[in-house]
Each structure stands twice: as structure tokens, then as C-alpha cells.
Amino acid sequence: MDYLHLPESIIEHAKPGGQVLAESKQHRSSSDINPPQTAIDNTCSITKDFSCIYSKDLLPALSGEDTTKSFFQELVNILLSYVCKSFRRSSKVLDFHHPHQLREGLEGFSLELPDQPENLEQLLVDCRDTLKYGVKTGHPRFFNQLSSGLDVIGLAGEWLTSTANTNMFTYEVSPVFILMEEILLKKMQEIVGWSEEEGDGVFCPGGTMSNLYSVLLARYHFFPEVKTKGMTALPRLILFTSAHVRITSIHVRSCLFILSINMGKMIPAELESSIITAKDQGCVPFYVNATAGTTVYGAFDPLNAIADICESHGLWLHVDAAWGGGLLMSNLHRVKLQGIERAWSVTWNPHKMMGAPLQCSAILVKKRGLLKDCNQMCAEYLFQTDKHYDTSYDTGDKTIQCGRHVDVFKLWLMWKAKGSEGFESQVNKCLENAEHLFDKLKQRPDFELVFKSKPEHSNVCFWYIPPGLRNMSPGPERNRRLHEVAPKIKAKMMEQGMAMIGYQPLGDKVNFFRCVFSNPATQTEDVDYLLEEIASLGHDICIRD
Ligand code: ABU
């Protein structure tokens with residue numbers, strides 16, 4: 001034992017031979033019943049005995065520096081082991097347990113909170129177990145979510161961000177991050193196609209929040225009195241969006257006009273006639289939400305046609321490019337977002353297609369100053385006007401949140417590491433994987449595509465058809481049975497843990513799989529594996545008659 005690295009209170013209890021005399025509560029985790037030298041797992045072992053060291057022995061404790069370093073070294077070992085496993089195809093994507101099993105405490109991994117402090121060895125084991133029973137969203141065979149992958153530089157950025165532990169509301173506490181945000185937003189606005197003089201924005205918690213910002217801005221732009229007089233001073237406002245989109249807010253739902261779609265896309269003629277109908281009914285249309293990359297189909301609305309309608313009726317055009325925004329990085333694919341430069345605001349989530357660690361989502365606003373005018377509350381305890389620096393950098397007063405997490409550093413670091421070209425190849429590769437899957441599905445008699453046309457984004461939607469259904473004629477009975485297939489296969493897949501894919505019903509379509517690619521670690525061999533896995537799990541499933 002390296003006594004030099006332990007606090008004196010611990011050395012007192014230490015005896016030669018590497019053991020520490022102290023009572024430590026022994027719940028740990030049964031999967032790491034510790035051999036004499038504490039082991040975390042076979043790829044990552046705890047080299048120091050932490051069983052009688054407590055958080056009080058770490059910094060800021062006097063002479064806590066070395067112990068803190070040792071603790072972090074062990075933690076880094078755990079994290080590195082997890083990162084390496086995440087990329088290993090022989091590792092499971094997940095080790096699934098039902099909620100009651102996790103709650104009851106698996107192999108000594110207890111979620112309950114103690115009254116007495118637990119030792120650092122227990123904490124390290126808890127950290128390891130937290131990752132063990134989680135889902136490896138960076139695994140090349142994780143196809144379940146729009147946000148996936150584990151970007152090593154992005155992860156480094158996130159670690160640094162947590163270490164800095166500061167708030168984006170003022171320049172005085174986040175000087176570097178605030179400027180990084182400005183640079184990133186400028187770059188993204190330039191990529192969207194706005195001019196030098198245009199553009200504002202903030203990073204905020206997720207796409208729905210970004211969309212909500214856009215609604216508040218549009219409302220304020222047309223009716224600034226809303227800020228002082230409230231909604232009751234306004235006419236009945238109507239916003240338009242298509243059926244596969246969620247602008248989530250109870251308050252807007254009553255004035256939401258849901259448009260039908262064709263293959264996931266908004267139909268411009270229907271938008272125009274709905275605007276006229278709403279006006280005829282005495283309502284005031286003010287906002288259209290177009291989508292670049294819907295969640296399930298990955299469909300792109302025809303932005304130019306929608307922009308024409310918005311212009312002729314004087315409506316705010318918002319483009320929700322949370323998912324599709326990443327394609328702007330690709331010279332090959334950005335054509336699908338043609339017209340986005342005509343939007344008044346844009347949602348773009350780099351934590352999706354660009355692979356930035358969660359969360360990283362921006363609302364971009366064309367009209368400079370509007371965010372501030374709309375949201376500013378002038379809290380004097382933060383946004384004093386007599387500060388000695390340029391207070392336009394106190395971005396908290398542009399937001400509805402005030403306090404904000406630093407979401408920009410990881411993206412800034414990734415951009416430095418890859419350059420715009422690196423993002424371009426990443427995006428292209430994801431779409432190549434989608435095309436590979438699409439081509440394979442077309443050739444197989446045991447699968448059926450939801451759409452026969454090539455996917456626009458990296459979403460590929462399909463059914464697995466078990467042997468008993470292959471010769472059944474289309475109709476309600478076949479649909480009823482087919483509806484049960486995807487959930488049954490997914491349940492088996494999660495129990496086995498070697499891959500993960502999502503499914504859903506949508507409109508008149510019964511449960512189908514949606515495979516999405518945003519993970520640069522995924523190769524065509526993983527796509528082939530997924531199909532074989534689904535076919536083998538689905539071949540013998542039992543469907544009720
Ligand atoms: N913003 C919703 C994303 C859902 C998904 O990852 O499938």
C-alpha cells in the first residue's frame with residue numbers, strides 16, 4: 001500500500017500487507033466480490049484500497065490532493081473500460097433488467113440513499129454498476145435513437161465542461177464559453193445561409209425547447225404587447241404544423257392546426273387552404289413549423305414552397321431541423337434542406353446527426369435582438385448595466401431559462417478536431433449505411449419496406465414478416481398479427497442485449513421497425529448483423545390467432 005497517498009486518518013488504521021483495518025459496509029456489488037486486491041472488473045482494477053476512505057478525505061480536505069488524484073484515476077479507469085467496451089462488438093449493448101429488479105438492488109447494487117456516508121470503494125463500484133446496467137448508446141449496434149455514438153473528443157469536452165462547472169448566463173462567469181457559443185452560432189447561421197448582418201441564437205435544452213423559443217419569438221414579433229398585457233390582449237392566434245410533429249405545450253395546443261401529410265411531408269396546397277380557412281374563421285395565422293427530417297420517416301418538408309406561402313401571408317416560418325440539420329454539413333445532402341435560409345428561425349440539434357454528446361441543441365433566430373427584446377427581464381442581481389465589460393455578452397437575459405448549462409464546449413472541440421469536412425464525411429457515412437440497409441431489405445422476402453422509395457435521411461422503416469404471415473393476404477387480420485411482431489422481437493432483442501432498434505405504429509401503419517443511423521462507429525457489417533438478428537429472433541415468434 002502506498003501510504004504516501006493516503007490521508008493521515010487512514011494511515012493510522014492501515015496495517016502492512018496491503019489491508020486496511022476499518023469497518024466498511026460490504027454491500028458493494030456481488031459481481032465484483034473482491035479478491036484480496038480490490039478488483040472492478042477484468043479490464044479495469046482498483047489498484048488502491050479505498051474501503052476506508054470517504055469523500056471528506058478528498059479535496060478540499062487538507063492534504064486531500066493525492067487521494068483526490070487516486071480516486072479520479074480509478075474513476076477514469078472505469079470510464080475508459082466502459083468506453084472501450086462500448087465499441088467492442090462482442091460486448092452487449094445492454095444488460096436489461098426490469099425496473100423492479102433494479103429497484104430491489106441487483107447483486108448488491110443499491111439505489112437507496114443512506115444516512116451515513118459510504119466509502120469511496122463503494123462509490124467506485126456504484127459508478128461501475130451504474131454503467132453496467134445502463135445502455136451503451138455508443139455501441140455500433142445501437143440503432144434505437146436519433147442521438148447515438150460516443151465521440152471521444154466530445155466526451156473529453158463534456159468532462160471538461162463538468163469540471164469547469166459554470167453557468168452560461170453571464171460573461172463574468174463564463175467568458176470563454178460565451179465567446180465559443182457566439183462563434184458556433186455564427187458558423188451554424190452561415191451554414192444555414194443567412195447573411196453576415198443576420199442571426200442570433202442560443203443553445204438550450206433540446207429540440208422541443210428550441211421550438212418553443214421560436215413560437216414565443218414569433219408571437220412577440222407580431223404582438224409585442226404580449227409581454228406586458230399577456231395572451232388575453234391578443235386575437236386567436238393559429239400556428240400550423242404537420243401531423244408527424246410535436247410542438248409540445250398545452251398553451252399552444254388549442255391554437256394548433258395539424259396538417260395532413262404525404263409520405264411524412266407537409267402538403268403546401270393544404271397549408272395554404274388551411275391558412276385561408278383560419279382567416280375566414282376570424283383567427284390570426286402567425287406561424288408555420290416546417291420539418292427538415294421527421295422523427296420516424298426522416299421526411300423533409302418542401303421548404304421553398306412553404307416559404308413562398310409564408311411570405312405571401314406574412315407568417316413566421318420556423319424550420320425544425322433538429323434531426324435534419326446535420327445534413328447541412330454535407331455538400332451531397334444539403335440540397336434536401338433547400339429553402340432553409342428563408343426561415344425566420346431554425347432548430348438544429350448537433351447531439352443528433354453530428355454526434356455531439358447529449359445535450360447540444362440550438363435555436364437560431366434570423367432577426368438580431370429579438371431574443372433579448374422578447375425575453376429580457378433585467379434581473380439586477382445578474383445583469384447589472386454598469387458592469388465594466390460589454391454586457392451584450394450576458395446572454396442569460398436573452399433566454400427564458402436564465403441559467404444555462406454549457407452545451408457548447410464539446411461541439412466546439414469536436415469541430416476543431418474534425419473540421420467541417422469531418423462532420424461531412426460522418427454524415428455521408430450514416431446515409432450510406434441507410435442506403436445499404438434499404439438495398440438489403442429490398443432483396444429479402446422476409447422483410448417489407450414501409451416506403452419503396454430510397455430514404456431521404458438515415459431513417460429506414462420496415463416490417464419483419466414471420467413465416468406464418470408471408471402468404472396471408474393484406475387486410476385487418478394480417479395487420480392485427482403484424483402489429484404484434486415488432487414488439488415481440490424487440491423484447492427478445494433487449495433480453496439478449498446484442499443490438500437495439502426502435503419500433504412504433506404511425507397513422508394507419510401497424511408497428512414497424514425504424515432503424516436510424518447517426519453513430520459513426522456503425523459499419524455495414526453491423527447493418528447485416530441487425531437484419532440477421534431480427535430474422536432469427538422473429539422466425540419462431542408466436543402470434544395469437
Ligand atoms: N426528439 C425526439 C427523438 C426521439 C428519438 O430519438 O427517436
# chains A, B, ... in the order shown; residues from 1 in each chain; ligands from 1
>>> residues_near_ligand(ligand="ligand 1", cutoff="10 Å", atoms="only C-alpha atoms and all ligand atoms", output="list in words")
Phe143, Asn144, Gln145, Leu146, Ser147, Ser148, Gly206, Gly207, Thr208, Val245, Arg246, Thr294, Thr295, Val296, Ala322, Trp323, Asn349, Lys352, Ile501, Gly502, Tyr503, Arg514, Cys515 and Val516 of chain A
>>> residues_around(residues="Arg444 in chain A", least_positions_apart="6", cutoff="12 Å", atoms="only C-alpha atoms", output="ChimeraX atom specification")
/A:437-438,462-465,470,528,531-532,535
>>> atom_distance(atom1="CA of Asn331 in chain A", atom2="CA of Ser420 in chain A")
10.8 Å
>>> atom_distance(atom1="CA of Cys204 in chain A", atom2="CA of Arg404 in chain A")
7.2 Å
>>> closest_residue(among="A:Leu150, A:Met472, A:Cys283, A:Cys378", to="Arg236 in chain A", atoms="only C-alpha atoms")
A:Cys283
>>> select_by_dssp(residues="range 310-461 of chain A", states="helix (DSSP H, G or I)", output="JSON, numbers by chain")
{"A": [310, 311, 312, 313, 324, 325, 326, 327, 328, 329, 334, 335, 336, 337, 340, 341, 342, 370, 371, 372, 373, 374, 375, 391, 392, 393, 395, 396, 397, 398, 409, 410, 411, 412, 413, 414, 415, 416, 417, 418, 419, 420, 421, 422, 423, 424, 425, 426, 427, 428, 429, 430, 431, 432, 433, 434, 435, 436, 437, 438, 439, 440, 441, 442, 443]}
>>> residues_around(residues="Gln496 in chain A", least_positions_apart="4", cutoff="9 Å", atoms="only C-alpha atoms", output="JSON, numbers by chain")
{"A": [92, 94, 95, 96, 491, 492]}
>>> residues_around(residues="Val176 in chain A", least_positions_apart="6", cutoff="12 Å", atoms="only C-alpha atoms", output="ChimeraX atom specification")
/A:161,164,166-168,170,182-183,393,406,408-409,412
>>> closest_residue(among="A:Gly157, A:Phe71, A:His457, A:Leu184", to="Leu358 in chain A", atoms="only C-alpha atoms")
A:Gly157
>>> atom_distance(atom1="CA of Leu185 in chain A", atom2="CA of Val346 in chain A")
11.4 Å
>>> select_by_dssp(residues="range 93-291 of chain A", states="strand (DSSP E)", output="ChimeraX atom specification")
/A:142-143,200-203,237-242,256-259,261-262,265-266,284-291
>>> closest_residue(among="A:Gly64, A:Gly134, A:Pro205, A:Gly396", to="Cys360 in chain A", atoms="only C-alpha atoms")
A:Pro205
>>> residues_around(residues="Thr524 in chain A", least_positions_apart="5", cutoff="9 Å", atoms="only C-alpha atoms", output="PyMOL selection string")
chain A and resi 432-433+436-437+529
>>> write_last_selection(atoms="C-alpha atoms", output="PDB file, in the first residue's frame")
ATOM      1  CA  GLU A 432     -24.582   5.264 -46.882  1.00  0.00           C
ATOM      2  CA  ASN A 433     -25.416   2.824 -44.087  1.00  0.00           C
ATOM      3  CA  HIS A 436     -27.128  -0.283 -47.607  1.00  0.00           C
ATOM      4  CA  LEU A 437     -29.956  -1.332 -45.293  1.00  0.00           C
ATOM      5  CA  TYR A 529     -25.974  -8.288 -38.286  1.00  0.00           C
TER       6      TYR A 529
END
>>> residues_around(residues="Pro357 in chain A", least_positions_apart="6", cutoff="10 Å", atoms="only C-alpha atoms", output="PDB file with N, CA, C and O atoms, in the first residue's frame")
ATOM      1  N   GLY A 138     -23.276   4.236 -27.508  1.00  0.00           N
ATOM      2  CA  GLY A 138     -22.187   4.413 -28.470  1.00  0.00           C
ATOM      3  C   GLY A 138     -21.853   3.121 -29.204  1.00  0.00           C
ATOM      4  O   GLY A 138     -21.016   3.114 -30.099  1.00  0.00           O
ATOM      5  N   SER A 147     -30.133  10.172 -31.404  1.00  0.00           N
ATOM      6  CA  SER A 147     -28.823  10.525 -30.852  1.00  0.00           C
ATOM      7  C   SER A 147     -28.121   9.247 -30.426  1.00  0.00           C
ATOM      8  O   SER A 147     -28.633   8.511 -29.580  1.00  0.00           O
ATOM      9  N   SER A 148     -26.996   8.971 -31.034  1.00  0.00           N
ATOM     10  CA  SER A 148     -26.244   7.770 -30.667  1.00  0.00           C
ATOM     11  C   SER A 148     -24.771   8.056 -30.932  1.00  0.00           C
ATOM     12  O   SER A 148     -24.412   9.111 -31.458  1.00  0.00           O
ATOM     13  N   GLY A 149     -23.928   7.102 -30.570  1.00  0.00           N
ATOM     14  CA  GLY A 149     -22.494   7.276 -30.792  1.00  0.00           C
ATOM     15  C   GLY A 149     -21.818   7.793 -29.539  1.00  0.00           C
ATOM     16  O   GLY A 149     -22.463   8.256 -28.584  1.00  0.00           O
ATOM     17  N   LEU A 150     -20.512   7.633 -29.509  1.00  0.00           N
ATOM     18  CA  LEU A 150     -19.725   8.096 -28.372  1.00  0.00           C
ATOM     19  C   LEU A 150     -18.472   8.743 -28.951  1.00  0.00           C
ATOM     20  O   LEU A 150     -17.492   8.065 -29.249  1.00  0.00           O
ATOM     21  N   ASP A 151     -18.545  10.030 -29.148  1.00  0.00           N
ATOM     22  CA  ASP A 151     -17.424  10.750 -29.751  1.00  0.00           C
ATOM     23  C   ASP A 151     -16.402  11.056 -28.652  1.00  0.00           C
ATOM     24  O   ASP A 151     -16.712  11.738 -27.670  1.00  0.00           O
ATOM     25  N   VAL A 152     -15.195  10.533 -28.842  1.00  0.00           N
ATOM     26  CA  VAL A 152     -14.197  10.615 -27.778  1.00  0.00           C
ATOM     27  C   VAL A 152     -13.835  12.072 -27.466  1.00  0.00           C
ATOM     28  O   VAL A 152     -13.716  12.462 -26.297  1.00  0.00           O
ATOM     29  N   ILE A 153     -13.705  12.885 -28.506  1.00  0.00           N
ATOM     30  CA  ILE A 153     -13.378  14.299 -28.268  1.00  0.00           C
ATOM     31  C   ILE A 153     -14.565  15.008 -27.610  1.00  0.00           C
ATOM     32  O   ILE A 153     -14.404  15.800 -26.683  1.00  0.00           O
ATOM     33  N   GLY A 154     -15.764  14.681 -28.076  1.00  0.00           N
ATOM     34  CA  GLY A 154     -16.965  15.263 -27.469  1.00  0.00           C
ATOM     35  C   GLY A 154     -17.053  14.902 -25.988  1.00  0.00           C
ATOM     36  O   GLY A 154     -17.412  15.729 -25.144  1.00  0.00           O
ATOM     37  N   LEU A 155     -16.703  13.660 -25.702  1.00  0.00           N
ATOM     38  CA  LEU A 155     -16.732  13.193 -24.311  1.00  0.00           C
ATOM     39  C   LEU A 155     -15.703  13.966 -23.482  1.00  0.00           C
ATOM     40  O   LEU A 155     -16.000  14.410 -22.363  1.00  0.00           O
ATOM     41  N   ALA A 156     -14.527  14.165 -24.063  1.00  0.00           N
ATOM     42  CA  ALA A 156     -13.497  14.955 -23.361  1.00  0.00           C
ATOM     43  C   ALA A 156     -14.040  16.357 -23.079  1.00  0.00           C
ATOM     44  O   ALA A 156     -13.845  16.915 -21.993  1.00  0.00           O
ATOM     45  N   GLY A 157     -14.763  16.892 -24.056  1.00  0.00           N
ATOM     46  CA  GLY A 157     -15.347  18.228 -23.893  1.00  0.00           C
ATOM     47  C   GLY A 157     -16.361  18.253 -22.761  1.00  0.00           C
ATOM     48  O   GLY A 157     -16.426  19.202 -21.982  1.00  0.00           O
ATOM     49  N   GLU A 158     -17.143  17.191 -22.668  1.00  0.00           N
ATOM     50  CA  GLU A 158     -18.163  17.124 -21.625  1.00  0.00           C
ATOM     51  C   GLU A 158     -17.504  17.001 -20.243  1.00  0.00           C
ATOM     52  O   GLU A 158     -17.954  17.605 -19.271  1.00  0.00           O
ATOM     53  N   PRO A 350     -27.124  19.470 -32.764  1.00  0.00           N
ATOM     54  CA  PRO A 350     -25.880  18.740 -33.039  1.00  0.00           C
ATOM     55  C   PRO A 350     -25.745  17.441 -32.247  1.00  0.00           C
ATOM     56  O   PRO A 350     -24.929  16.594 -32.589  1.00  0.00           O
ATOM     57  N   HIS A 351     -26.553  17.248 -31.208  1.00  0.00           N
ATOM     58  CA  HIS A 351     -26.453  15.967 -30.477  1.00  0.00           C
ATOM     59  C   HIS A 351     -27.121  14.822 -31.241  1.00  0.00           C
ATOM     60  O   HIS A 351     -27.055  13.675 -30.825  1.00  0.00           O
ATOM     61  N   ASP A 407     -23.352  23.850 -23.069  1.00  0.00           N
ATOM     62  CA  ASP A 407     -23.502  22.780 -24.058  1.00  0.00           C
ATOM     63  C   ASP A 407     -22.576  22.979 -25.252  1.00  0.00           C
ATOM     64  O   ASP A 407     -22.585  22.175 -26.190  1.00  0.00           O
ATOM     65  N   LYS A 410     -18.139  21.058 -25.949  1.00  0.00           N
ATOM     66  CA  LYS A 410     -17.879  19.758 -26.607  1.00  0.00           C
ATOM     67  C   LYS A 410     -18.010  19.887 -28.130  1.00  0.00           C
ATOM     68  O   LYS A 410     -17.225  19.302 -28.882  1.00  0.00           O
ATOM     69  N   LEU A 411     -18.990  20.670 -28.573  1.00  0.00           N
ATOM     70  CA  LEU A 411     -19.184  20.833 -30.016  1.00  0.00           C
ATOM     71  C   LEU A 411     -18.036  21.645 -30.623  1.00  0.00           C
ATOM     72  O   LEU A 411     -17.513  21.327 -31.691  1.00  0.00           O
TER      73      LEU A 411
END
>>> residues_around(residues="Gly298 in chain A", least_positions_apart="2", cutoff="12 Å", atoms="only C-alpha atoms", output="PyMOL selection string")
chain A and resi 146+244-245+263-265+291-296+300-301+320-325+327+336+353+431+434+451+454-461+514-517
>>> write_last_selection(atoms="N, CA, C and O atoms", output="compact mmCIF listing (two decimals), in the first residue's frame")
# COMPACT_ATOMS: atom_id res chain seq x y z
N LEU A 146 -32.26 8.73 -32.29
CA LEU A 146 -31.65 9.67 -33.22
C LEU A 146 -30.28 10.13 -32.72
O LEU A 146 -29.40 10.47 -33.50
N HIS A 244 -46.85 14.74 -38.19
CA HIS A 244 -45.81 13.93 -37.55
C HIS A 244 -44.89 14.74 -36.65
O HIS A 244 -43.78 14.33 -36.35
N VAL A 245 -45.38 15.87 -36.22
CA VAL A 245 -44.54 16.79 -35.48
C VAL A 245 -45.18 17.11 -34.16
O VAL A 245 -46.39 17.18 -34.05
N MET A 263 -46.42 10.91 -47.33
CA MET A 263 -45.14 10.26 -47.00
C MET A 263 -44.35 11.07 -45.97
O MET A 263 -43.14 11.27 -46.10
N GLY A 264 -45.05 11.57 -44.99
CA GLY A 264 -44.41 12.31 -43.91
C GLY A 264 -44.21 13.79 -44.20
O GLY A 264 -43.75 14.53 -43.34
N LYS A 265 -44.53 14.23 -45.41
CA LYS A 265 -44.24 15.63 -45.79
C LYS A 265 -45.49 16.50 -45.77
O LYS A 265 -46.56 16.05 -46.19
N THR A 291 -40.74 20.94 -41.15
CA THR A 291 -39.78 20.00 -40.56
C THR A 291 -38.76 19.54 -41.59
O THR A 291 -39.12 19.17 -42.71
N ALA A 292 -37.51 19.57 -41.19
CA ALA A 292 -36.44 19.03 -42.03
C ALA A 292 -35.92 17.78 -41.32
O ALA A 292 -35.07 17.87 -40.44
N GLY A 293 -36.52 16.64 -41.68
CA GLY A 293 -36.13 15.38 -41.04
C GLY A 293 -37.08 15.02 -39.92
O GLY A 293 -36.82 15.34 -38.75
N THR A 294 -38.21 14.37 -40.28
CA THR A 294 -39.15 13.98 -39.22
C THR A 294 -38.56 12.82 -38.42
O THR A 294 -37.70 12.07 -38.90
N THR A 295 -39.09 12.67 -37.19
CA THR A 295 -38.50 11.71 -36.27
C THR A 295 -38.58 10.27 -36.79
O THR A 295 -37.63 9.52 -36.68
N VAL A 296 -39.71 9.90 -37.33
CA VAL A 296 -39.88 8.49 -37.71
C VAL A 296 -39.45 8.23 -39.15
O VAL A 296 -38.61 7.37 -39.42
N PHE A 300 -38.47 15.30 -45.31
CA PHE A 300 -38.17 16.74 -45.39
C PHE A 300 -39.35 17.46 -46.04
O PHE A 300 -39.76 17.11 -47.16
N ASP A 301 -39.87 18.44 -45.35
CA ASP A 301 -40.94 19.26 -45.95
C ASP A 301 -40.37 20.09 -47.10
O ASP A 301 -39.18 20.45 -47.07
N ASP A 320 -37.92 23.18 -38.17
CA ASP A 320 -37.41 22.26 -37.17
C ASP A 320 -36.46 21.29 -37.87
O ASP A 320 -36.88 20.30 -38.46
N ALA A 321 -35.17 21.63 -37.79
CA ALA A 321 -34.14 20.78 -38.41
C ALA A 321 -33.33 20.10 -37.31
O ALA A 321 -32.13 19.86 -37.46
N ALA A 322 -34.02 19.80 -36.19
CA ALA A 322 -33.34 19.14 -35.07
C ALA A 322 -32.58 17.92 -35.58
O ALA A 322 -31.40 17.71 -35.28
N TRP A 323 -33.25 17.13 -36.41
CA TRP A 323 -32.66 15.89 -36.92
C TRP A 323 -31.99 16.11 -38.27
O TRP A 323 -30.89 15.65 -38.53
N GLY A 324 -32.65 16.88 -39.13
CA GLY A 324 -32.13 17.04 -40.50
C GLY A 324 -31.01 18.06 -40.62
O GLY A 324 -30.28 18.07 -41.61
N GLY A 325 -30.84 18.91 -39.58
CA GLY A 325 -29.85 19.99 -39.67
C GLY A 325 -28.45 19.47 -39.98
O GLY A 325 -27.68 20.12 -40.69
N LEU A 327 -27.52 17.39 -41.98
CA LEU A 327 -27.28 17.20 -43.43
C LEU A 327 -26.77 18.47 -44.10
O LEU A 327 -26.22 18.41 -45.21
N LYS A 336 -31.43 18.75 -49.70
CA LYS A 336 -32.75 18.36 -49.15
C LYS A 336 -33.33 19.45 -48.24
O LYS A 336 -34.51 19.41 -47.90
N MET A 353 -27.54 14.22 -35.47
CA MET A 353 -26.76 13.74 -36.63
C MET A 353 -25.28 14.07 -36.54
O MET A 353 -24.47 13.43 -37.22
N LEU A 431 -25.63 8.08 -43.99
CA LEU A 431 -26.62 7.92 -45.06
C LEU A 431 -26.26 6.75 -45.99
O LEU A 431 -27.15 6.09 -46.53
N ALA A 434 -27.64 3.77 -44.32
CA ALA A 434 -29.10 3.69 -44.52
C ALA A 434 -29.40 3.11 -45.91
O ALA A 434 -30.29 2.27 -46.07
N PHE A 451 -41.81 2.25 -47.11
CA PHE A 451 -41.85 3.02 -48.37
C PHE A 451 -40.88 2.39 -49.37
O PHE A 451 -39.78 1.99 -48.99
N LYS A 454 -36.21 5.38 -51.95
CA LYS A 454 -34.96 5.49 -51.18
C LYS A 454 -35.13 6.50 -50.03
O LYS A 454 -35.71 7.57 -50.25
N PRO A 455 -34.62 6.18 -48.84
CA PRO A 455 -34.79 7.13 -47.73
C PRO A 455 -34.05 8.45 -48.01
O PRO A 455 -32.98 8.44 -48.61
N GLU A 456 -34.67 9.54 -47.55
CA GLU A 456 -34.03 10.84 -47.73
C GLU A 456 -32.99 11.10 -46.63
O GLU A 456 -31.97 11.72 -46.85
N HIS A 457 -33.33 10.65 -45.45
CA HIS A 457 -32.42 10.82 -44.31
C HIS A 457 -31.87 9.43 -43.98
O HIS A 457 -31.89 8.53 -44.83
N SER A 458 -31.41 9.23 -42.74
CA SER A 458 -30.87 7.91 -42.42
C SER A 458 -31.92 7.01 -41.76
O SER A 458 -31.58 5.98 -41.21
N ASN A 459 -33.18 7.41 -41.82
CA ASN A 459 -34.26 6.56 -41.24
C ASN A 459 -34.67 5.52 -42.28
O ASN A 459 -34.97 5.88 -43.42
N VAL A 460 -34.71 4.27 -41.86
CA VAL A 460 -35.23 3.22 -42.74
C VAL A 460 -36.31 2.48 -41.95
O VAL A 460 -36.07 1.99 -40.85
N CYS A 461 -37.52 2.45 -42.52
CA CYS A 461 -38.67 1.88 -41.81
C CYS A 461 -39.11 0.60 -42.50
O CYS A 461 -39.26 0.57 -43.73
N ARG A 514 -38.06 1.13 -36.96
CA ARG A 514 -37.39 2.30 -37.53
C ARG A 514 -35.92 2.18 -37.17
O ARG A 514 -35.53 2.18 -36.01
N CYS A 515 -35.10 2.03 -38.21
CA CYS A 515 -33.67 2.00 -37.96
C CYS A 515 -33.11 3.37 -38.32
O CYS A 515 -33.43 3.92 -39.39
N VAL A 516 -32.30 3.94 -37.42
CA VAL A 516 -31.70 5.25 -37.71
C VAL A 516 -30.19 5.16 -37.52
O VAL A 516 -29.71 4.47 -36.64
N PHE A 517 -29.49 5.87 -38.37
CA PHE A 517 -28.03 5.87 -38.29
C PHE A 517 -27.52 7.27 -37.96
O PHE A 517 -27.75 8.21 -38.73
>>> closest_residue(among="A:Ser174, A:Tyr133, A:Asp115, A:Leu537", to="His98 in chain A", atoms="only C-alpha atoms")
A:Tyr133
